[in-house]
>>> print(open('protein.cif').read())   # mmCIF, C-alpha atoms
data_query
loop_
_atom_site.group_PDB
_atom_site.id
_atom_site.type_symbol
_atom_site.label_atom_id
_atom_site.label_comp_id
_atom_site.auth_asym_id
_atom_site.auth_seq_id
_atom_site.Cartn_x
_atom_site.Cartn_y
_atom_site.Cartn_z
ATOM 1 C CA MET A 1 127.286 -28.098 -82.701
ATOM 2 C CA SER A 2 127.086 -31.828 -82.404
ATOM 3 C CA THR A 3 123.882 -33.482 -81.284
ATOM 4 C CA VAL A 4 124.047 -35.835 -78.287
ATOM 5 C CA LEU A 5 121.493 -38.620 -78.393
ATOM 6 C CA GLN A 6 119.755 -39.165 -75.108
ATOM 7 C CA PRO A 7 119.186 -42.782 -73.990
ATOM 8 C CA ASN A 8 115.427 -42.479 -74.310
ATOM 9 C CA SER A 9 115.738 -41.289 -77.901
ATOM 10 C CA VAL A 10 117.243 -44.572 -79.144
ATOM 11 C CA SER A 11 114.658 -47.038 -80.333
ATOM 12 C CA ALA A 12 114.920 -50.531 -78.853
ATOM 13 C CA PRO A 13 115.122 -53.308 -81.446
ATOM 14 C CA ALA A 14 111.699 -54.614 -82.293
ATOM 15 C CA LEU A 15 111.106 -58.164 -81.086
ATOM 16 C CA ASP A 16 109.481 -60.494 -83.568
ATOM 17 C CA PRO A 17 106.272 -61.827 -81.984
ATOM 18 C CA ARG A 18 107.038 -65.276 -83.405
ATOM 19 C CA VAL A 19 108.922 -67.417 -80.908
ATOM 20 C CA THR A 20 110.593 -69.274 -83.751
ATOM 21 C CA GLU A 21 112.219 -66.012 -84.928
ATOM 22 C CA ARG A 22 113.601 -64.913 -81.560
ATOM 23 C CA ARG A 23 117.186 -65.319 -80.409
ATOM 24 C CA ASN A 24 117.919 -68.035 -77.873
ATOM 25 C CA PRO A 25 120.011 -66.630 -74.977
ATOM 26 C CA ARG A 26 121.315 -70.115 -74.160
ATOM 27 C CA THR A 27 123.047 -70.412 -77.535
ATOM 28 C CA ALA A 28 124.386 -66.878 -77.999
ATOM 29 C CA ASP A 29 128.007 -68.116 -77.986
ATOM 30 C CA ILE A 30 127.485 -71.331 -79.912
ATOM 31 C CA ASP A 31 129.807 -70.116 -82.660
ATOM 32 C CA LEU A 32 132.703 -70.558 -80.223
ATOM 33 C CA ALA A 33 131.596 -73.973 -78.968
ATOM 34 C CA SER A 34 133.466 -77.244 -79.421
ATOM 35 C CA PRO A 35 131.780 -80.095 -81.302
ATOM 36 C CA LEU A 36 130.919 -81.825 -78.009
ATOM 37 C CA ALA A 37 129.517 -78.615 -76.536
ATOM 38 C CA ILE A 38 127.344 -78.135 -79.646
ATOM 39 C CA VAL A 39 125.998 -81.656 -79.228
ATOM 40 C CA ASP A 40 125.266 -81.049 -75.544
ATOM 41 C CA VAL A 41 123.509 -77.723 -76.027
ATOM 42 C CA MET A 42 121.401 -79.012 -78.921
ATOM 43 C CA ASN A 43 120.459 -82.116 -76.963
ATOM 44 C CA GLY A 44 119.504 -79.939 -74.016
ATOM 45 C CA GLU A 45 117.301 -77.762 -76.210
ATOM 46 C CA ASP A 46 115.652 -80.809 -77.764
ATOM 47 C CA ARG A 47 114.566 -82.028 -74.331
ATOM 48 C CA ALA A 48 111.934 -79.299 -74.323
ATOM 49 C CA VAL A 49 110.293 -80.623 -77.483
ATOM 50 C CA ALA A 50 108.561 -83.679 -75.991
ATOM 51 C CA ASP A 51 107.071 -81.551 -73.201
ATOM 52 C CA ALA A 52 105.828 -79.007 -75.733
ATOM 53 C CA VAL A 53 104.075 -81.783 -77.671
ATOM 54 C CA ALA A 54 102.644 -83.269 -74.463
ATOM 55 C CA SER A 55 101.088 -79.895 -73.634
ATOM 56 C CA GLN A 56 98.949 -80.300 -76.791
ATOM 57 C CA ARG A 57 97.666 -83.801 -76.036
ATOM 58 C CA GLU A 58 93.986 -82.848 -76.099
ATOM 59 C CA PRO A 59 93.885 -80.989 -79.444
ATOM 60 C CA ILE A 60 96.097 -83.687 -80.995
ATOM 61 C CA ALA A 61 93.621 -86.327 -79.804
ATOM 62 C CA GLN A 62 90.767 -84.213 -81.184
ATOM 63 C CA ALA A 63 92.531 -84.132 -84.552
ATOM 64 C CA ILE A 64 93.055 -87.920 -84.492
ATOM 65 C CA ALA A 65 89.326 -88.401 -83.879
ATOM 66 C CA ALA A 66 88.468 -86.083 -86.781
ATOM 67 C CA ILE A 67 90.857 -87.923 -89.095
ATOM 68 C CA GLU A 68 89.404 -91.287 -88.040
ATOM 69 C CA THR A 69 85.928 -90.005 -88.882
ATOM 70 C CA ALA A 70 87.168 -88.849 -92.289
ATOM 71 C CA PHE A 71 88.822 -92.184 -93.057
ATOM 72 C CA ARG A 72 85.756 -94.175 -92.045
ATOM 73 C CA ALA A 73 83.662 -92.040 -94.396
ATOM 74 C CA GLY A 74 86.051 -92.678 -97.286
ATOM 75 C CA ARG A 75 87.468 -89.163 -97.106
ATOM 76 C CA ARG A 76 91.051 -87.907 -96.810
ATOM 77 C CA LEU A 77 93.688 -86.222 -94.710
ATOM 78 C CA LEU A 78 95.569 -83.450 -96.513
ATOM 79 C CA TYR A 79 98.688 -81.732 -95.154
ATOM 80 C CA VAL A 80 99.541 -78.236 -96.398
ATOM 81 C CA GLY A 81 102.823 -76.460 -95.708
ATOM 82 C CA ALA A 82 105.831 -74.624 -97.081
ATOM 83 C CA GLY A 83 109.547 -75.285 -96.726
ATOM 84 C CA THR A 84 110.466 -77.669 -93.916
ATOM 85 C CA SER A 85 106.857 -77.825 -92.748
ATOM 86 C CA GLY A 86 105.668 -78.834 -96.201
ATOM 87 C CA ARG A 87 108.424 -81.410 -96.595
ATOM 88 C CA LEU A 88 107.519 -83.035 -93.287
ATOM 89 C CA GLY A 89 103.879 -83.263 -94.346
ATOM 90 C CA VAL A 90 104.806 -84.881 -97.660
ATOM 91 C CA LEU A 91 107.120 -87.284 -95.827
ATOM 92 C CA ASP A 92 104.426 -88.396 -93.406
ATOM 93 C CA ALA A 93 101.913 -88.857 -96.212
ATOM 94 C CA SER A 94 104.349 -90.857 -98.326
ATOM 95 C CA GLU A 95 105.057 -93.286 -95.491
ATOM 96 C CA CYS A 96 101.424 -94.299 -94.993
ATOM 97 C CA PRO A 97 101.002 -96.667 -97.994
ATOM 98 C CA PRO A 98 103.928 -98.982 -97.164
ATOM 99 C CA THR A 99 103.277 -98.831 -93.418
ATOM 100 C CA PHE A 100 99.507 -99.210 -93.374
ATOM 101 C CA GLY A 101 98.652 -100.562 -96.819
ATOM 102 C CA THR A 102 96.640 -97.452 -97.682
ATOM 103 C CA ASP A 103 95.821 -95.941 -101.036
ATOM 104 C CA PRO A 104 98.217 -93.028 -101.723
ATOM 105 C CA ALA A 105 95.171 -90.762 -102.132
ATOM 106 C CA MET A 106 94.104 -91.340 -98.518
ATOM 107 C CA VAL A 107 96.811 -89.093 -97.003
ATOM 108 C CA VAL A 108 98.073 -86.304 -99.260
ATOM 109 C CA GLY A 109 100.994 -83.928 -98.728
ATOM 110 C CA ILE A 110 100.912 -80.528 -100.444
ATOM 111 C CA ILE A 111 103.963 -78.255 -100.408
ATOM 112 C CA ALA A 112 104.108 -74.670 -101.632
ATOM 113 C CA GLY A 113 105.909 -74.632 -104.959
ATOM 114 C CA GLY A 114 104.994 -78.229 -105.803
ATOM 115 C CA ASP A 115 107.148 -81.338 -105.762
ATOM 116 C CA HIS A 116 110.157 -79.394 -107.092
ATOM 117 C CA ALA A 117 110.210 -77.618 -103.720
ATOM 118 C CA LEU A 118 110.958 -80.880 -101.931
ATOM 119 C CA ARG A 119 114.595 -80.608 -102.998
ATOM 120 C CA ASN A 120 114.866 -76.984 -104.047
ATOM 121 C CA PRO A 121 113.832 -73.776 -102.295
ATOM 122 C CA ILE A 122 111.105 -71.949 -104.214
ATOM 123 C CA GLU A 123 111.451 -68.305 -103.277
ATOM 124 C CA GLY A 124 108.192 -66.615 -102.408
ATOM 125 C CA ALA A 125 106.029 -69.732 -102.780
ATOM 126 C CA GLU A 126 104.946 -69.559 -99.157
ATOM 127 C CA ASP A 127 103.870 -65.926 -99.446
ATOM 128 C CA SER A 128 100.835 -66.496 -101.653
ATOM 129 C CA ALA A 129 97.563 -67.039 -99.807
ATOM 130 C CA PRO A 130 95.633 -67.266 -103.120
ATOM 131 C CA GLU A 131 97.870 -70.118 -104.261
ATOM 132 C CA GLY A 132 97.049 -72.019 -101.069
ATOM 133 C CA ALA A 133 93.374 -71.653 -101.894
ATOM 134 C CA VAL A 134 94.001 -72.771 -105.482
ATOM 135 C CA GLN A 135 95.620 -75.952 -104.191
ATOM 136 C CA MET A 136 92.495 -76.848 -102.229
ATOM 137 C CA ASP A 137 90.420 -76.604 -105.405
ATOM 138 C CA ALA A 138 93.052 -78.478 -107.413
ATOM 139 C CA HIS A 139 92.885 -81.364 -104.923
ATOM 140 C CA ALA A 140 89.079 -81.322 -104.890
ATOM 141 C CA VAL A 141 88.795 -80.761 -101.148
ATOM 142 C CA THR A 142 85.252 -81.270 -99.968
ATOM 143 C CA ALA A 143 83.122 -81.816 -96.869
ATOM 144 C CA GLY A 144 84.390 -84.748 -94.837
ATOM 145 C CA ASP A 145 88.072 -84.154 -95.611
ATOM 146 C CA VAL A 146 90.497 -83.000 -92.917
ATOM 147 C CA VAL A 147 93.066 -80.380 -93.901
ATOM 148 C CA VAL A 148 96.002 -79.839 -91.536
ATOM 149 C CA GLY A 149 97.999 -76.687 -92.140
ATOM 150 C CA ILE A 150 101.614 -76.909 -90.963
ATOM 151 C CA ALA A 151 103.321 -73.587 -90.290
ATOM 152 C CA ALA A 152 106.195 -73.493 -87.815
ATOM 153 C CA SER A 153 105.934 -69.709 -87.462
ATOM 154 C CA GLY A 154 102.138 -69.753 -87.395
ATOM 155 C CA THR A 155 102.008 -67.049 -90.076
ATOM 156 C CA THR A 156 102.569 -68.677 -93.492
ATOM 157 C CA PRO A 157 100.159 -67.028 -96.002
ATOM 158 C CA PHE A 158 100.060 -70.129 -98.257
ATOM 159 C CA VAL A 159 98.798 -72.178 -95.321
ATOM 160 C CA ARG A 160 96.303 -69.536 -94.233
ATOM 161 C CA GLY A 161 94.852 -69.326 -97.740
ATOM 162 C CA ALA A 162 94.555 -73.108 -97.919
ATOM 163 C CA LEU A 163 92.811 -73.399 -94.545
ATOM 164 C CA LEU A 164 90.340 -70.623 -95.287
ATOM 165 C CA ARG A 165 89.409 -72.162 -98.633
ATOM 166 C CA ALA A 166 89.215 -75.656 -97.139
ATOM 167 C CA ARG A 167 86.787 -74.386 -94.523
ATOM 168 C CA GLU A 168 84.673 -72.739 -97.229
ATOM 169 C CA LEU A 169 84.546 -76.124 -98.983
ATOM 170 C CA GLY A 170 83.262 -77.804 -95.826
ATOM 171 C CA ALA A 171 86.432 -79.564 -94.656
ATOM 172 C CA THR A 172 87.540 -79.794 -91.047
ATOM 173 C CA THR A 173 90.647 -77.646 -90.620
ATOM 174 C CA ALA A 174 93.527 -77.859 -88.155
ATOM 175 C CA LEU A 175 96.685 -75.825 -87.653
ATOM 176 C CA LEU A 176 99.987 -77.211 -86.398
ATOM 177 C CA ALA A 177 102.300 -74.344 -85.430
ATOM 178 C CA CYS A 178 105.280 -73.893 -83.118
ATOM 179 C CA SER A 179 104.639 -70.227 -82.353
ATOM 180 C CA GLU A 180 101.478 -68.443 -81.263
ATOM 181 C CA PRO A 181 99.571 -67.735 -84.495
ATOM 182 C CA PRO A 182 97.888 -64.395 -85.180
ATOM 183 C CA GLN A 183 94.126 -64.177 -84.940
ATOM 184 C CA ALA A 184 93.661 -64.427 -88.714
ATOM 185 C CA MET A 185 95.341 -67.822 -88.687
ATOM 186 C CA ARG A 186 93.460 -68.980 -85.604
ATOM 187 C CA ASP A 187 90.195 -68.086 -87.287
ATOM 188 C CA ALA A 188 91.010 -70.419 -90.175
ATOM 189 C CA ALA A 189 91.361 -73.536 -88.004
ATOM 190 C CA ASP A 190 88.828 -75.669 -86.163
ATOM 191 C CA ILE A 191 91.621 -77.326 -84.171
ATOM 192 C CA LEU A 192 94.804 -75.640 -82.931
ATOM 193 C CA MET A 193 97.882 -77.746 -82.103
ATOM 194 C CA LEU A 194 100.637 -75.474 -80.773
ATOM 195 C CA PRO A 195 103.716 -77.330 -79.446
ATOM 196 C CA ILE A 196 105.864 -74.303 -78.649
ATOM 197 C CA ALA A 197 109.375 -75.319 -77.596
ATOM 198 C CA GLY A 198 110.955 -71.866 -77.564
ATOM 199 C CA PRO A 199 113.557 -70.143 -79.746
ATOM 200 C CA GLU A 200 115.770 -72.260 -81.967
ATOM 201 C CA VAL A 201 119.453 -73.034 -81.420
ATOM 202 C CA LEU A 202 120.094 -71.002 -84.568
ATOM 203 C CA THR A 203 117.671 -68.120 -84.814
ATOM 204 C CA GLY A 204 114.835 -68.884 -87.214
ATOM 205 C CA SER A 205 116.098 -72.358 -88.195
ATOM 206 C CA THR A 206 112.764 -74.098 -87.800
ATOM 207 C CA ARG A 207 114.069 -77.394 -89.148
ATOM 208 C CA LEU A 208 115.447 -77.855 -85.615
ATOM 209 C CA LYS A 209 113.122 -77.888 -82.566
ATOM 210 C CA ALA A 210 110.058 -76.808 -84.512
ATOM 211 C CA GLY A 211 110.761 -79.467 -87.129
ATOM 212 C CA THR A 212 111.183 -82.137 -84.462
ATOM 213 C CA ALA A 213 107.960 -81.121 -82.728
ATOM 214 C CA THR A 214 106.141 -81.144 -86.056
ATOM 215 C CA LYS A 215 107.403 -84.628 -86.898
ATOM 216 C CA LEU A 216 106.302 -85.938 -83.489
ATOM 217 C CA VAL A 217 102.789 -84.564 -83.927
ATOM 218 C CA LEU A 218 102.447 -85.858 -87.488
ATOM 219 C CA ASN A 219 103.553 -89.294 -86.263
ATOM 220 C CA MET A 220 100.723 -89.181 -83.736
ATOM 221 C CA LEU A 221 98.076 -87.998 -86.193
ATOM 222 C CA THR A 222 98.475 -90.698 -88.820
ATOM 223 C CA THR A 223 99.537 -93.512 -86.503
ATOM 224 C CA GLY A 224 96.717 -92.741 -84.075
ATOM 225 C CA ALA A 225 94.067 -92.543 -86.782
ATOM 226 C CA MET A 226 95.325 -95.710 -88.484
ATOM 227 C CA ILE A 227 95.229 -97.609 -85.185
ATOM 228 C CA ARG A 228 91.674 -96.397 -84.635
ATOM 229 C CA ILE A 229 90.511 -97.764 -88.004
ATOM 230 C CA GLY A 230 92.041 -101.182 -87.358
ATOM 231 C CA LYS A 231 95.475 -101.028 -88.922
ATOM 232 C CA SER A 232 97.056 -102.749 -85.917
ATOM 233 C CA TYR A 233 96.501 -105.911 -83.875
ATOM 234 C CA GLY A 234 97.816 -104.987 -80.472
ATOM 235 C CA ASN A 235 101.008 -103.186 -81.451
ATOM 236 C CA LEU A 236 101.589 -105.271 -84.574
ATOM 237 C CA MET A 237 101.264 -103.569 -87.981
ATOM 238 C CA VAL A 238 98.888 -105.977 -89.677
ATOM 239 C CA ASP A 239 97.954 -103.905 -92.717
ATOM 240 C CA LEU A 240 101.442 -103.296 -94.047
ATOM 241 C CA ARG A 241 102.042 -103.824 -97.745
ATOM 242 C CA ALA A 242 104.932 -106.248 -98.327
ATOM 243 C CA THR A 243 106.533 -104.348 -101.190
ATOM 244 C CA ASN A 244 110.148 -105.346 -100.527
ATOM 245 C CA VAL A 245 112.201 -108.111 -98.931
ATOM 246 C CA LYS A 246 112.290 -106.430 -95.517
ATOM 247 C CA LEU A 247 108.530 -105.976 -95.371
ATOM 248 C CA GLN A 248 107.923 -109.483 -96.714
ATOM 249 C CA ASP A 249 110.072 -110.828 -93.898
ATOM 250 C CA ARG A 250 108.199 -108.720 -91.349
ATOM 251 C CA ALA A 251 104.841 -109.933 -92.666
ATOM 252 C CA GLU A 252 105.917 -113.564 -92.380
ATOM 253 C CA ARG A 253 107.288 -113.039 -88.868
ATOM 254 C CA ILE A 254 104.040 -111.432 -87.712
ATOM 255 C CA VAL A 255 101.995 -114.319 -89.072
ATOM 256 C CA CYS A 256 104.365 -116.847 -87.471
ATOM 257 C CA GLU A 257 104.215 -115.089 -84.099
ATOM 258 C CA VAL A 258 100.431 -114.775 -83.998
ATOM 259 C CA THR A 259 99.481 -118.137 -85.497
ATOM 260 C CA GLN A 260 102.444 -120.256 -84.337
ATOM 261 C CA LEU A 261 102.772 -121.562 -87.895
ATOM 262 C CA SER A 262 106.131 -122.459 -89.369
ATOM 263 C CA ARG A 263 107.772 -119.931 -91.684
ATOM 264 C CA ASP A 264 106.890 -122.054 -94.733
ATOM 265 C CA ASP A 265 103.243 -122.378 -93.666
ATOM 266 C CA ALA A 266 103.046 -118.677 -92.882
ATOM 267 C CA ARG A 267 104.411 -117.876 -96.327
ATOM 268 C CA ALA A 268 101.826 -120.155 -97.937
ATOM 269 C CA LEU A 269 99.017 -118.561 -95.908
ATOM 270 C CA LEU A 270 100.140 -115.096 -96.966
ATOM 271 C CA LEU A 271 100.191 -116.212 -100.567
ATOM 272 C CA ARG A 272 96.532 -117.261 -100.292
ATOM 273 C CA ALA A 273 95.799 -113.940 -98.606
ATOM 274 C CA ASP A 274 97.454 -111.991 -101.457
ATOM 275 C CA GLY A 275 100.134 -110.787 -99.056
ATOM 276 C CA ARG A 276 97.698 -109.124 -96.642
ATOM 277 C CA VAL A 277 98.672 -109.893 -93.046
ATOM 278 C CA LYS A 278 95.333 -108.933 -91.487
ATOM 279 C CA ARG A 279 93.411 -111.040 -93.980
ATOM 280 C CA ALA A 280 95.768 -113.974 -93.365
ATOM 281 C CA LEU A 281 95.301 -113.803 -89.591
ATOM 282 C CA VAL A 282 91.504 -113.831 -89.878
ATOM 283 C CA MET A 283 91.599 -116.643 -92.433
ATOM 284 C CA HIS A 284 93.661 -118.745 -90.039
ATOM 285 C CA ALA A 285 91.739 -117.868 -86.865
ATOM 286 C CA LEU A 286 88.293 -118.532 -88.386
ATOM 287 C CA GLN A 287 89.429 -121.151 -90.911
ATOM 288 C CA VAL A 288 87.774 -119.280 -93.771
ATOM 289 C CA ASP A 289 88.782 -118.155 -97.254
ATOM 290 C CA ALA A 290 89.981 -114.671 -98.203
ATOM 291 C CA THR A 291 86.563 -113.433 -99.343
ATOM 292 C CA THR A 292 84.888 -114.470 -96.100
ATOM 293 C CA ALA A 293 87.691 -112.961 -94.038
ATOM 294 C CA ASP A 294 87.279 -109.635 -95.830
ATOM 295 C CA ALA A 295 83.523 -109.709 -95.285
ATOM 296 C CA ARG A 296 83.913 -110.368 -91.568
ATOM 297 C CA LEU A 297 86.392 -107.518 -91.223
ATOM 298 C CA ALA A 298 84.116 -105.154 -93.142
ATOM 299 C CA GLU A 299 81.289 -105.907 -90.710
ATOM 300 C CA VAL A 300 83.321 -104.539 -87.796
ATOM 301 C CA GLY A 301 85.003 -101.569 -89.463
ATOM 302 C CA GLY A 302 88.262 -103.388 -90.072
ATOM 303 C CA VAL A 303 89.197 -103.833 -86.404
ATOM 304 C CA ILE A 304 90.741 -107.282 -86.179
ATOM 305 C CA ARG A 305 90.218 -107.591 -82.401
ATOM 306 C CA LYS A 306 86.455 -107.532 -83.031
ATOM 307 C CA VAL A 307 86.776 -110.567 -85.307
ATOM 308 C CA VAL A 308 89.575 -112.375 -83.509
ATOM 309 C CA PRO A 309 88.858 -111.588 -79.855
ATOM 310 C CA ASP A 310 92.022 -113.208 -78.528
ATOM 311 C CA ALA A 311 94.791 -110.805 -77.624
ATOM 312 C CA PRO A 312 98.017 -110.987 -79.605
ATOM 313 C CA PRO A 313 100.744 -113.185 -78.106
ATOM 314 C CA PRO A 314 102.533 -111.639 -75.120
ATOM 315 C CA VAL A 315 105.652 -109.585 -75.717
ATOM 316 C CA LEU A 316 108.766 -111.655 -75.036
ATOM 317 C CA SER A 317 112.134 -110.331 -73.916
ATOM 318 C CA ALA A 318 115.395 -111.364 -75.545
ATOM 319 C CA ASN A 319 115.682 -114.362 -73.205
ATOM 320 C CA GLY A 320 112.161 -115.547 -74.014
ATOM 321 C CA ALA A 321 110.498 -114.327 -70.821
ATOM 322 C CA VAL A 322 107.206 -112.455 -70.891
ATOM 323 C CA SER A 323 107.869 -108.727 -70.570
#
>>> encode(input="protein.cif", output="structure tokens")
Amino acid sequence: MSTVLQPNSVSAPALDPRVTERRNPRTADIDLASPLAIVDVMNGEDRAVADAVASQREPIAQAIAAIETAFRAGRRLLYVGAGTSGRLGVLDASECPPTFGTDPAMVVGIIAGGDHALRNPIEGAEDSAPEGAVQMDAHAVTAGDVVVGIAASGTTPFVRGALLRARELGATTALLACSEPPQAMRDAADILMLPIAGPEVLTGSTRLKAGTATKLVLNMLTTGAMIRIGKSYGNLMVDLRATNVKLQDRAERIVCEVTQLSRDDARALLLRADGRVKRALVMHALQVDATTADARLAEVGGVIRKVVPDAPPPVLSANGAVS
């Protein structure tokens, strides 16, 4: 005799609690879509990302304040992640020296599996919580540092191990996740930043919306903290390091715009300032040498507006009018 299965005897498929691992009903037929339809649906999904980040404005601001405090005390920001999350952390860290003239040790990116994992998947590297803890010891994390764990799913063991060990060592800890993290992960973080933009276009492909949300938040963390410690004058990047022709040109243009000097005079001023735009602007405004300019900036925590109280020149439109 054959057995007839009753409807209530069939188990429903278990839903993964992680939003990033759920199927997106709006993209269920994307495999049949035209190229233009794929563009449209992905663009539509991406529109939710900015709102998800905006919903986390307060914890992001709290993290910026903590990072500013760390920087002013001579301590560091360390990112910890695996896969795409780890790569985005390393990317953000690597962009700080040329953009803000910082020491590479000031913002550090740590990825599960080491630098080899930046270009190659390292199977299982993210699954080791002990290895995350080991990395905190290897990087000499201590009180005053800020450690930001990046885990799109909110569950990465490597990140959890790193945050727990960082907290034991006295660091401030934060978690950036794009899905509601379990309690064990929440308990490891002093600050929770959770820009949840919903299921991905392709199920589980967190390099998409989760990756975009992560990049937006990381932009805010380092840019916000750098602004707070005086790396800008208005919206001008005045602590950039002119390490190539493009940045040299930008440095000269900034000096020309602020001081109204000719390009040749701006170049000569920068030469006396050892290529440092902020130093050059203070030297010109106060008519002092480089050593005195540095001393004056040090007195006010590096914030140029406290030494040169005048606002930067107004923003001009393409036709020369004030915007």
>>> closest_atom_pairs(input="protein.cif", of="region 27-124 of chain A", to="region 292-315 of chain A", cutoff="12 Å", atoms="all atoms listed in the file", output="JSON lines")
{"residue": "A:Glu68", "atom": "CA", "partner": "A:Gly301", "partner_atom": "CA", "distance": 11.3}
{"residue": "A:Thr69", "atom": "CA", "partner": "A:Gly301", "partner_atom": "CA", "distance": 11.6}
{"residue": "A:Phe71", "atom": "CA", "partner": "A:Gly301", "partner_atom": "CA", "distance": 10.8}
{"residue": "A:Arg72", "atom": "CA", "partner": "A:Gly301", "partner_atom": "CA", "distance": 7.9}
{"residue": "A:Ala73", "atom": "CA", "partner": "A:Gly301", "partner_atom": "CA", "distance": 10.8}
{"residue": "A:Gly74", "atom": "CA", "partner": "A:Gly301", "partner_atom": "CA", "distance": 11.9}
>>> atom_distance(input="protein.cif", atom1="CA of Ala184 (chain A)", atom2="CA of Pro17 (chain A)")
14.5 Å
>>> resolve_selection(input="protein.cif", expression="the PyMOL selection byres ((chain A and resi 278) around 12)", output="PyMOL selection string")
chain A and resi 100-101+230-234+236-241+251-252+254-255+258-259+269-270+273-277+279-285+290+293-294+296-298+302-305+307-308
>>> closest_residue(input="protein.cif", among="A:Leu286, A:Leu261, A:Ala129, A:Asn219", to="Cys96 (chain A)", atoms="only C-alpha atoms")
A:Asn219
>>> closest_residue(input="protein.cif", among="A:Glu58, A:His116, A:Ser153, A:Thr102", to="Arg207 (chain A)", atoms="only C-alpha atoms")
A:Ser153
>>> residues_around(input="protein.cif", residues="Gln135 (chain A)", least_positions_apart="3", cutoff="12 Å", atoms="only C-alpha atoms", output="MDAnalysis selection string")
chainID A and resid 78:81 108:114 128:132 138:141 147 158:166
>>> resolve_selection(input="protein.cif", expression="the PyMOL selection byres ((chain A and resi 179) around 9)", output="number ranges by chain")
A: 17-20, 151-155, 177-178, 180-181, 194-198, 210
>>> build_atoms(input="protein.cif", residues="region 88-100 of chain A", atoms="N, CA, C and O atoms", output="PDB file, keeping the file's coordinate frame")
ATOM      1  N   LEU A  88     107.889 -82.071 -94.323  1.00  0.00           N
ATOM      2  CA  LEU A  88     107.519 -83.035 -93.287  1.00  0.00           C
ATOM      3  C   LEU A  88     106.124 -83.599 -93.530  1.00  0.00           C
ATOM      4  O   LEU A  88     105.873 -84.790 -93.293  1.00  0.00           O
ATOM      5  N   GLY A  89     105.212 -82.774 -94.013  1.00  0.00           N
ATOM      6  CA  GLY A  89     103.879 -83.263 -94.346  1.00  0.00           C
ATOM      7  C   GLY A  89     103.912 -84.262 -95.483  1.00  0.00           C
ATOM      8  O   GLY A  89     103.259 -85.315 -95.435  1.00  0.00           O
ATOM      9  N   VAL A  90     104.683 -83.958 -96.521  1.00  0.00           N
ATOM     10  CA  VAL A  90     104.806 -84.881 -97.660  1.00  0.00           C
ATOM     11  C   VAL A  90     105.456 -86.180 -97.207  1.00  0.00           C
ATOM     12  O   VAL A  90     105.046 -87.279 -97.615  1.00  0.00           O
ATOM     13  N   LEU A  91     106.456 -86.081 -96.343  1.00  0.00           N
ATOM     14  CA  LEU A  91     107.120 -87.284 -95.827  1.00  0.00           C
ATOM     15  C   LEU A  91     106.142 -88.174 -95.082  1.00  0.00           C
ATOM     16  O   LEU A  91     106.071 -89.387 -95.319  1.00  0.00           O
ATOM     17  N   ASP A  92     105.370 -87.591 -94.184  1.00  0.00           N
ATOM     18  CA  ASP A  92     104.426 -88.396 -93.406  1.00  0.00           C
ATOM     19  C   ASP A  92     103.391 -89.050 -94.317  1.00  0.00           C
ATOM     20  O   ASP A  92     103.059 -90.226 -94.149  1.00  0.00           O
ATOM     21  N   ALA A  93     102.898 -88.307 -95.281  1.00  0.00           N
ATOM     22  CA  ALA A  93     101.913 -88.857 -96.212  1.00  0.00           C
ATOM     23  C   ALA A  93     102.493 -90.006 -97.027  1.00  0.00           C
ATOM     24  O   ALA A  93     101.840 -91.037 -97.242  1.00  0.00           O
ATOM     25  N   SER A  94     103.747 -89.845 -97.462  1.00  0.00           N
ATOM     26  CA  SER A  94     104.349 -90.857 -98.326  1.00  0.00           C
ATOM     27  C   SER A  94     104.662 -92.148 -97.583  1.00  0.00           C
ATOM     28  O   SER A  94     104.808 -93.211 -98.213  1.00  0.00           O
ATOM     29  N   GLU A  95     104.750 -92.090 -96.266  1.00  0.00           N
ATOM     30  CA  GLU A  95     105.057 -93.286 -95.491  1.00  0.00           C
ATOM     31  C   GLU A  95     103.825 -94.112 -95.143  1.00  0.00           C
ATOM     32  O   GLU A  95     103.954 -95.251 -94.687  1.00  0.00           O
ATOM     33  N   CYS A  96     102.642 -93.565 -95.375  1.00  0.00           N
ATOM     34  CA  CYS A  96     101.424 -94.299 -94.993  1.00  0.00           C
ATOM     35  C   CYS A  96     101.154 -95.531 -95.863  1.00  0.00           C
ATOM     36  O   CYS A  96     100.806 -96.585 -95.326  1.00  0.00           O
ATOM     37  N   PRO A  97     101.293 -95.465 -97.193  1.00  0.00           N
ATOM     38  CA  PRO A  97     101.002 -96.667 -97.994  1.00  0.00           C
ATOM     39  C   PRO A  97     101.841 -97.888 -97.631  1.00  0.00           C
ATOM     40  O   PRO A  97     101.282 -98.970 -97.415  1.00  0.00           O
ATOM     41  N   PRO A  98     103.177 -97.776 -97.519  1.00  0.00           N
ATOM     42  CA  PRO A  98     103.928 -98.982 -97.164  1.00  0.00           C
ATOM     43  C   PRO A  98     103.707 -99.430 -95.725  1.00  0.00           C
ATOM     44  O   PRO A  98     103.776-100.626 -95.421  1.00  0.00           O
ATOM     45  N   THR A  99     103.441 -98.484 -94.825  1.00  0.00           N
ATOM     46  CA  THR A  99     103.277 -98.831 -93.418  1.00  0.00           C
ATOM     47  C   THR A  99     101.904 -99.410 -93.126  1.00  0.00           C
ATOM     48  O   THR A  99     101.776-100.376 -92.360  1.00  0.00           O
ATOM     49  N   PHE A 100     100.876 -98.835 -93.724  1.00  0.00           N
ATOM     50  CA  PHE A 100      99.507 -99.210 -93.374  1.00  0.00           C
ATOM     51  C   PHE A 100      98.715 -99.801 -94.537  1.00  0.00           C
ATOM     52  O   PHE A 100      97.523-100.073 -94.397  1.00  0.00           O
TER      53      PHE A 100
END
